[in-house]
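Structure file input04.tsv with TSV, C-alpha atoms:
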```
chain	number	residue	atom	x	y	z
A	1	MET	CA	84.45	-119.58	131.82
A	2	LYS	CA	83.47	-122.96	130.37
A	3	ALA	CA	85.05	-126.41	130.31
A	4	THR	CA	83.58	-129.70	129.13
A	5	THR	CA	84.18	-132.79	131.24
A	6	ILE	CA	85.89	-135.75	129.56
A	7	VAL	CA	85.17	-138.27	132.32
A	8	ASP	CA	82.17	-139.01	134.49
A	9	THR	CA	82.39	-136.94	137.66
A	10	THR	CA	80.20	-135.84	140.53
A	11	GLY	CA	78.97	-132.28	140.79
A	12	VAL	CA	78.57	-130.70	144.19
A	13	GLU	CA	77.06	-127.50	145.49
A	14	ILE	CA	76.38	-126.01	148.90
A	15	ARG	CA	72.90	-124.43	148.92
A	16	ASP	CA	71.39	-122.95	152.07
A	17	GLY	CA	74.13	-124.58	154.09
A	18	GLU	CA	73.25	-128.02	152.72
A	19	ARG	CA	75.53	-130.12	150.57
A	20	HIS	CA	74.01	-131.38	147.31
A	21	GLU	CA	75.65	-133.91	144.99
A	22	PHE	CA	74.58	-134.75	141.46
A	23	PRO	CA	75.98	-136.80	138.56
A	24	ARG	CA	78.10	-134.83	136.10
A	25	PRO	CA	78.62	-137.15	133.12
A	26	ALA	CA	81.39	-136.83	130.54
A	27	GLY	CA	80.47	-134.27	127.91
A	28	GLU	CA	78.75	-131.87	130.29
A	29	THR	CA	79.88	-128.25	130.12
A	30	VAL	CA	80.71	-126.57	133.42
A	31	ASN	CA	80.35	-122.80	133.59
A	32	HIS	CA	82.41	-121.61	136.55
A	33	PRO	CA	85.16	-119.02	137.17
A	34	ASP	CA	87.53	-121.90	138.07
A	35	ALA	CA	86.54	-124.18	135.17
A	36	TRP	CA	90.12	-124.07	133.78
A	37	LYS	CA	91.24	-125.94	136.91
A	38	LEU	CA	89.19	-128.94	135.77
A	39	VAL	CA	91.36	-128.97	132.64
A	40	ALA	CA	94.47	-128.72	134.80
A	41	MET	CA	93.14	-131.64	136.85
A	42	GLY	CA	92.85	-133.74	133.70
A	43	ILE	CA	89.08	-134.19	133.71
A	44	ALA	CA	87.90	-131.57	131.20
A	45	LYS	CA	88.80	-129.68	128.06
A	46	PRO	CA	88.40	-125.94	127.41
A	47	ALA	CA	84.98	-125.03	126.01
A	48	ASP	CA	85.31	-121.31	125.39
A	49	GLU	CA	87.96	-118.72	124.53
A	50	GLU	CA	88.30	-117.51	128.10
A	51	CYS	CA	89.03	-121.02	129.38
A	52	LEU	CA	91.40	-121.75	126.50
A	53	ALA	CA	93.35	-118.55	127.20
A	54	ARG	CA	93.67	-119.41	130.90
A	55	CYS	CA	94.74	-122.97	130.06
A	56	ASP	CA	97.34	-121.60	127.63
A	57	GLN	CA	98.76	-119.55	130.52
A	58	TRP	CA	98.86	-122.67	132.65
A	59	ALA	CA	100.69	-124.62	129.93
A	60	ALA	CA	103.11	-121.74	129.29
A	61	LYS	CA	104.01	-121.74	132.98
A	62	ARG	CA	104.86	-125.42	132.66
A	63	GLY	CA	106.87	-124.75	129.48
A	64	LYS	CA	105.00	-127.36	127.47
A	65	PRO	CA	102.33	-127.35	124.75
A	66	LEU	CA	98.76	-127.35	126.12
A	67	GLU	CA	97.97	-130.72	124.53
A	68	GLN	CA	100.93	-132.31	126.34
A	69	CYS	CA	99.95	-130.71	129.64
A	70	MET	CA	96.39	-131.97	129.24
A	71	ALA	CA	97.61	-135.49	128.40
A	72	GLU	CA	99.88	-135.52	131.46
A	73	ALA	CA	97.07	-134.17	133.65
A	74	PHE	CA	94.72	-136.89	132.39
A	75	HIS	CA	97.34	-139.56	133.13
A	76	ALA	CA	97.74	-138.15	136.64
A	77	HIS	CA	93.95	-138.19	137.07
A	78	VAL	CA	93.71	-141.85	136.04
A	79	ARG	CA	96.54	-142.67	138.45
A	80	THR	CA	94.90	-140.82	141.32
A	81	ARG	CA	91.47	-142.29	140.51
A	82	ALA	CA	93.00	-145.74	140.80
A	83	GLY	CA	94.19	-144.73	144.26
A	84	ILE	CA	97.84	-145.33	143.40
A	85	HIS	CA	100.09	-144.56	146.37
A	86	PRO	CA	103.02	-142.22	145.55
A	87	GLU	CA	105.50	-145.02	146.25
A	88	ASP	CA	103.94	-146.97	143.35
A	89	PHE	CA	103.75	-144.11	140.82
A	90	GLU	CA	106.70	-145.37	138.80
A	91	LYS	CA	105.26	-148.88	138.53
A	92	PHE	CA	101.95	-147.40	137.35
A	93	ASP	CA	103.67	-145.05	134.90
A	94	ARG	CA	105.64	-147.97	133.43
A	95	GLY	CA	102.39	-149.89	132.94
A	96	GLU	CA	103.39	-152.60	135.39
A	97	ILE	CA	100.36	-152.12	137.63
A	98	THR	CA	96.87	-150.66	137.25
A	99	GLY	CA	95.79	-150.69	140.90
A	100	TYR	CA	95.43	-152.89	143.94
A	101	ASN	CA	93.52	-156.10	144.63
A	102	PRO	CA	91.43	-156.40	147.80
A	103	ASP	CA	94.32	-158.26	149.46
A	104	GLY	CA	96.69	-155.36	148.75
A	105	SER	CA	98.58	-157.08	145.92
A	106	PHE	CA	99.04	-155.30	142.61
A	107	LYS	CA	96.64	-155.55	139.70
A	108	PRO	CA	98.99	-156.28	136.81
A	109	GLY	CA	99.22	-153.76	133.98
A	110	PRO	CA	99.99	-154.36	130.30
A	111	ASN	CA	103.73	-154.24	131.00
A	112	ALA	CA	103.70	-156.46	134.07
A	113	LYS	CA	106.87	-158.51	133.91
A	114	SER	CA	106.51	-160.74	136.88
A	115	GLU	CA	104.24	-162.40	139.37
A	116	ASN	CA	103.45	-160.29	142.41
A	117	HIS	CA	102.42	-161.17	145.91
A	118	GLY	CA	101.10	-158.87	148.63
A	119	GLY	CA	102.26	-155.69	146.96
A	120	ILE	CA	105.77	-157.05	146.30
A	121	ILE	CA	106.79	-157.81	142.73
A	122	VAL	CA	108.67	-161.09	142.67
A	123	VAL	CA	111.12	-161.29	139.78
A	124	ASP	CA	112.02	-164.72	138.44
A	125	GLU	CA	115.81	-165.01	138.26
B	126	MET	CA	83.56	-158.46	158.13
B	127	ALA	CA	86.75	-157.51	156.31
B	128	LYS	CA	90.07	-155.85	156.81
B	129	VAL	CA	89.99	-153.00	154.35
B	130	LYS	CA	93.26	-152.05	152.71
B	131	CYS	CA	94.22	-148.39	152.75
B	132	LYS	CA	95.93	-148.23	149.37
B	133	GLY	CA	93.37	-147.09	146.84
B	134	THR	CA	91.60	-144.70	149.21
B	135	VAL	CA	90.78	-141.39	147.54
B	136	LEU	CA	90.12	-137.95	149.02
B	137	GLN	CA	88.15	-135.59	146.79
B	138	GLN	CA	87.74	-131.84	146.94
B	139	ASP	CA	85.36	-129.44	145.23
B	140	ILE	CA	86.88	-127.56	142.31
B	141	ALA	CA	84.52	-125.60	140.08
B	142	SER	CA	81.54	-127.36	141.69
B	143	THR	CA	83.00	-130.73	140.71
B	144	LEU	CA	84.48	-133.34	143.04
B	145	THR	CA	88.06	-133.97	141.94
B	146	ASP	CA	90.65	-136.37	143.34
B	147	ILE	CA	93.54	-134.94	145.34
B	148	ALA	CA	96.81	-136.35	144.01
B	149	GLN	CA	99.89	-137.65	145.83
B	150	ILE	CA	98.36	-138.27	149.24
B	151	ILE	CA	100.42	-140.50	151.49
B	152	SER	CA	98.13	-140.85	154.49
B	153	ILE	CA	94.81	-139.58	155.81
B	154	GLU	CA	93.76	-139.09	159.42
B	155	LEU	CA	90.02	-139.52	159.85
B	156	PRO	CA	88.11	-137.06	162.03
B	157	GLU	CA	87.84	-137.77	165.74
B	158	ALA	CA	84.19	-136.88	166.03
B	159	GLU	CA	82.90	-136.81	169.56
B	160	ASN	CA	79.56	-136.45	171.32
B	161	GLU	CA	79.62	-133.42	173.58
B	162	THR	CA	78.99	-134.23	177.23
B	163	TYR	CA	78.95	-132.36	180.48
B	164	GLU	CA	79.98	-133.47	183.93
B	165	ALA	CA	76.76	-134.22	185.79
B	166	ASP	CA	78.04	-135.00	189.24
B	167	THR	CA	76.12	-133.84	192.32
B	168	LEU	CA	76.86	-133.58	196.01
B	169	ASP	CA	74.47	-136.38	196.83
B	170	ASN	CA	76.07	-138.83	194.44
B	171	SER	CA	77.23	-141.65	196.67
B	172	GLY	CA	79.29	-143.36	193.98
B	173	ALA	CA	82.96	-142.65	193.23
B	174	GLY	CA	82.44	-142.46	189.50
B	175	ILE	CA	81.92	-139.11	187.78
B	176	PRO	CA	78.70	-139.20	185.76
B	177	TYR	CA	78.35	-137.47	182.40
B	178	GLU	CA	75.32	-136.50	180.34
B	179	LEU	CA	74.98	-135.82	176.63
B	180	THR	CA	74.27	-132.29	175.48
B	181	GLY	CA	72.83	-133.51	172.19
B	182	ARG	CA	75.63	-131.95	170.15
B	183	THR	CA	78.54	-133.62	168.33
B	184	GLU	CA	81.91	-132.14	167.50
B	185	GLY	CA	82.72	-133.19	163.94
B	186	GLY	CA	86.51	-133.06	164.28
B	187	SER	CA	89.00	-132.52	161.49
B	188	VAL	CA	90.37	-134.48	158.55
B	189	SER	CA	94.13	-134.30	158.14
B	190	PHE	CA	96.33	-135.68	155.42
B	191	GLU	CA	99.95	-135.74	154.34
B	192	MET	CA	100.92	-135.53	150.69
B	193	PHE	CA	103.89	-135.08	148.44
B	194	PHE	CA	103.36	-131.41	147.71
B	195	ASP	CA	103.50	-129.97	144.20
B	196	PRO	CA	103.10	-126.20	144.61
B	197	ALA	CA	102.44	-125.83	140.86
B	198	LEU	CA	99.60	-128.39	140.79
B	199	ALA	CA	96.11	-126.86	140.49
B	200	GLY	CA	94.66	-129.35	142.95
B	201	HIS	CA	97.25	-128.49	145.59
B	202	GLN	CA	97.06	-124.76	144.91
B	203	GLU	CA	93.41	-125.03	145.83
B	204	PHE	CA	94.49	-125.25	149.48
B	205	THR	CA	96.75	-122.19	149.36
B	206	ASP	CA	93.88	-120.42	147.56
B	207	LYS	CA	91.62	-121.30	150.48
B	208	LEU	CA	94.07	-119.64	152.86
B	209	THR	CA	93.97	-116.37	150.93
B	210	THR	CA	90.24	-116.59	150.14
B	211	PRO	CA	88.54	-118.62	152.87
B	212	ALA	CA	85.39	-120.45	151.83
B	213	ASP	CA	83.39	-123.52	152.81
B	214	ASP	CA	83.92	-126.42	150.46
B	215	SER	CA	82.80	-129.98	149.86
B	216	TYR	CA	85.00	-133.05	150.34
B	217	LYS	CA	84.59	-136.79	150.15
B	218	ILE	CA	86.66	-139.75	151.28
B	219	ILE	CA	86.16	-142.88	149.14
B	220	PHE	CA	87.43	-145.98	150.91
B	221	ALA	CA	88.99	-148.91	149.08
B	222	ASP	CA	86.50	-151.47	150.37
B	223	SER	CA	84.47	-153.57	147.99
B	224	GLY	CA	81.50	-151.21	148.28
B	225	THR	CA	83.67	-148.07	147.89
B	226	THR	CA	82.06	-146.60	150.99
B	227	GLU	CA	81.99	-142.83	151.04
B	228	TRP	CA	82.26	-140.24	153.80
B	229	ALA	CA	81.11	-136.84	152.57
B	230	PHE	CA	81.58	-133.64	154.51
B	231	THR	CA	81.74	-129.89	154.24
B	232	GLY	CA	85.03	-128.30	155.21
B	233	SER	CA	85.03	-125.01	157.01
B	234	GLY	CA	88.58	-123.73	156.91
B	235	VAL	CA	91.92	-125.40	156.27
B	236	SER	CA	95.42	-125.25	157.67
B	237	LEU	CA	98.49	-126.08	155.63
B	238	GLY	CA	102.08	-126.65	156.63
B	239	GLY	CA	104.91	-128.62	155.16
B	240	THR	CA	108.39	-130.03	155.37
B	241	VAL	CA	111.42	-129.38	153.21
B	242	ASP	CA	113.94	-132.09	154.05
B	243	LEU	CA	117.18	-132.92	152.26
B	244	ALA	CA	116.49	-136.61	152.63
B	245	ASP	CA	112.86	-136.60	151.50
B	246	GLY	CA	110.45	-135.21	148.93
B	247	LEU	CA	108.60	-131.95	149.51
B	248	LYS	CA	105.65	-132.74	151.76
B	249	ALA	CA	102.63	-130.83	153.01
B	250	ASN	CA	100.27	-131.48	155.88
B	251	VAL	CA	96.72	-130.26	155.44
B	252	THR	CA	93.94	-130.16	158.01
B	253	ILE	CA	90.31	-129.52	157.10
B	254	LYS	CA	87.87	-128.53	159.84
B	255	VAL	CA	84.65	-130.50	159.46
B	256	ASP	CA	81.59	-128.24	159.40
B	257	GLY	CA	78.88	-130.12	161.25
B	258	ILE	CA	79.31	-133.89	161.07
B	259	VAL	CA	80.57	-136.19	158.34
B	260	THR	CA	77.73	-137.87	156.44
B	261	TYR	CA	78.39	-141.38	157.68
B	262	PRO	CA	76.84	-144.36	155.88
B	263	THR	CA	74.19	-146.15	157.90
```
In structure tokens, what does this structure look like?
Amino acid sequence: MKATTIVDTTGVEIRDGERHEFPRPAGETVNHPDAWKLVAMGIAKPADEECLARCDQWAAKRGKPLEQCMAEAFHAHVRTRAGIHPEDFEKFDRGEITGYNPDGSFKPGPNAKSENHGGIIVVDE
Amino acid sequence: MAKVKCKGTVLQQDIASTLTDIAQIISIELPEAENETYEADTLDNSGAGIPYELTGRTEGGSVSFEMFFDPALAGHQEFTDKLTTPADDSYKIIFADSGTTEWAFTGSGVSLGGTVDLADGLKANVTIKVDGIVTYPT
């Protein structure tokens, strides 16, 4: 089963009891029995019929078109990659924040409406 | 020297030989790794203290985390899959410090439990046994 990565990732294998990491850039095709899971995780797209069929099953279970499921999975990946805490998911989804500054305050997103301090959004009355 | 914030920390797991981020984690407990020692007291020890010696081995400990659990999410199903089909796997913790310091480790077995509470979201607690020792940065 094959899937092609759409973001830069890190490949990993355990050989002879040793852990080996290697760069897996966007556009690389992964041939693995679980490759469809990379699509479900939002970091790859199906690259053969077998993977596409398994991804269609996954989308059917969710009751949505595959393209929508993949778009939602990619959004979730970006959110997780940014390390967004579950309590801030809604702010991220609304585009109010994109992540956290070193001091813990929010990095403002395109829809940021207000100044924020120390993780608390302060709304001007 | 810096106080590193916890928000932004990522735990990754191996899916299809690719490190992928685990979603919806609330907190992570780092492994309590410990040098193995043995009690080395002798009858002719005149001191009150109990001496210990190193065996040269280190217990790697376990990594535990709590997450809002989505039983339909592929990344979360990976843990229930590991219960039905046990296998060693690779993991990595990426801290939210300026250098995005990484702790990589191999997991040898997982445990998974959870909480269904009227007043809270569905949560799961996962523990991963560290095989050997975490690859700590030096």
Check: Which neighbours of Asp8 in chain A fall inside 7 Å, counting all atoms listed in the file, when residues of the same chain fewer than 3 positions from it are skipped, and could you give them as a PyMOL selection string?
Finding: chain A and resi 24-26
Notebook entry, point to check: For Ala82 in chain A, which residue out of B:Ala127, B:Ile175, B:Val135, B:Ala244 is the nearest one, using all atoms listed in the file?
Noted result: B:Val135
Would you kindly return, as a CSV table (one decimal) with C-alpha atoms, keeping the file's coordinate frame, each protein, DNA or RNA residue with an atom no farther than 6 Å from any atom of Gln137 in chain B, considering all atoms listed in the file and excluding same-chain residues fewer than 4 positions away?
```
chain,number,residue,atom,x,y,z
B,144,LEU,CA,84.5,-133.3,143.0
B,145,THR,CA,88.1,-134.0,141.9
B,146,ASP,CA,90.6,-136.4,143.3
B,147,ILE,CA,93.5,-134.9,145.3
B,216,TYR,CA,85.0,-133.0,150.3
B,217,LYS,CA,84.6,-136.8,150.2
```
Go through chain B residue by residue and, counting all atoms listed in the file, keep those with an atom at most 10 Å from chain A; for each kept residue give the shortest atom pair and its distance in Å to one decimal, ordered by chain and increasing number, as CSV.
```
residue,atom,partner,partner_atom,distance
B:Ala127,CA,A:Pro102,CA,9.8
B:Lys128,CA,A:Asp103,CA,8.8
B:Val129,CA,A:Pro102,CA,7.5
B:Lys130,CA,A:Gly104,CA,6.2
B:Cys131,CA,A:Gly104,CA,8.4
B:Lys132,CA,A:His85,CA,6.3
B:Gly133,CA,A:Gly83,CA,3.6
B:Thr134,CA,A:Gly83,CA,5.6
B:Val135,CA,A:Gly83,CA,5.8
B:Leu136,CA,A:Gly83,CA,9.2
B:Gln137,CA,A:Arg81,CA,9.8
B:Gln138,CA,A:Val12,CA,9.6
B:Asp139,CA,A:Val12,CA,7.0
B:Ile140,CA,A:Leu38,CA,7.1
B:Ala141,CA,A:Asp34,CA,5.2
B:Ser142,CA,A:Val12,CA,5.1
B:Thr143,CA,A:Gly11,CA,4.3
B:Leu144,CA,A:Thr10,CA,5.6
B:Thr145,CA,A:Met41,CA,7.6
B:Asp146,CA,A:Thr80,CA,6.5
B:Ile147,CA,A:Thr80,CA,7.3
B:Ala148,CA,A:Thr80,CA,5.6
B:Gln149,CA,A:Pro86,CA,5.5
B:Ile150,CA,A:His85,CA,7.1
B:Ile151,CA,A:His85,CA,6.5
B:Ser152,CA,A:His85,CA,9.1
B:Met192,CA,A:Pro86,CA,8.7
B:Phe193,CA,A:Pro86,CA,7.8
B:Ala197,CA,A:Arg62,CA,8.6
B:Leu198,CA,A:Ala40,CA,7.9
B:Ala199,CA,A:Lys37,CA,6.1
B:Gly200,CA,A:Met41,CA,6.7
B:Gln202,CA,A:Lys37,CA,10.0
B:Glu203,CA,A:Lys37,CA,9.2
B:Asp213,CA,A:Ile14,CA,8.4
B:Asp214,CA,A:Ile14,CA,7.7
B:Ser215,CA,A:Val12,CA,7.1
B:Tyr216,CA,A:Val12,CA,9.2
B:Ile219,CA,A:Gly83,CA,9.6
B:Phe220,CA,A:Gly83,CA,9.6
B:Ala221,CA,A:Pro102,CA,8.0
B:Asp222,CA,A:Pro102,CA,7.4
B:Ser223,CA,A:Pro102,CA,7.5
B:Ala229,CA,A:Arg19,CA,9.0
B:Phe230,CA,A:Arg19,CA,8.0
B:Thr231,CA,A:Arg19,CA,7.2
B:Asp256,CA,A:Gly17,CA,9.9
B:Thr260,CA,A:Arg19,CA,10.0
```
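Computed from the coordinates, the CA of Val188 in chain B to CA of Thr210 in chain B distance equals 19.8 Å.
Of the listed residues A:Gln68, A:Thr29, A:Thr98, A:Asn111, the one whose atoms come nearest to Cys51 in chain A is A:Thr29, with distances taken using all atoms listed in the file.
The coordinates place CA of Ser233 in chain B at 28.7 Å from CA of Glu164 in chain B.
Minimum atom-to-atom distance to Thr240 in chain B, evaluated using only C-alpha atoms, belongs to B:Glu191 out of B:Thr180, B:Glu191, B:Pro156, B:Thr252.
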Next item on the list: Might you pull out every residue within 9 Å of Ala112 in chain A, with only C-alpha atoms counted and same-chain residues fewer than 6 positions away left off, and present them as a PyMOL selection string?
Entry: chain A and resi 91+94-97
Item checked: Two-atom distance - CA of Pro262 in chain B, CA of Phe204 in chain B (Å) -> 26.8 Å
Note to self: Can you tell me which residues surround Leu155 in chain B at a distance of at most 9 Å, considering only C-alpha atoms, apart from same-chain residues fewer than 6 positions away, and format the answer as a ChimeraX atom specification?
What the structure shows: /B:186-190
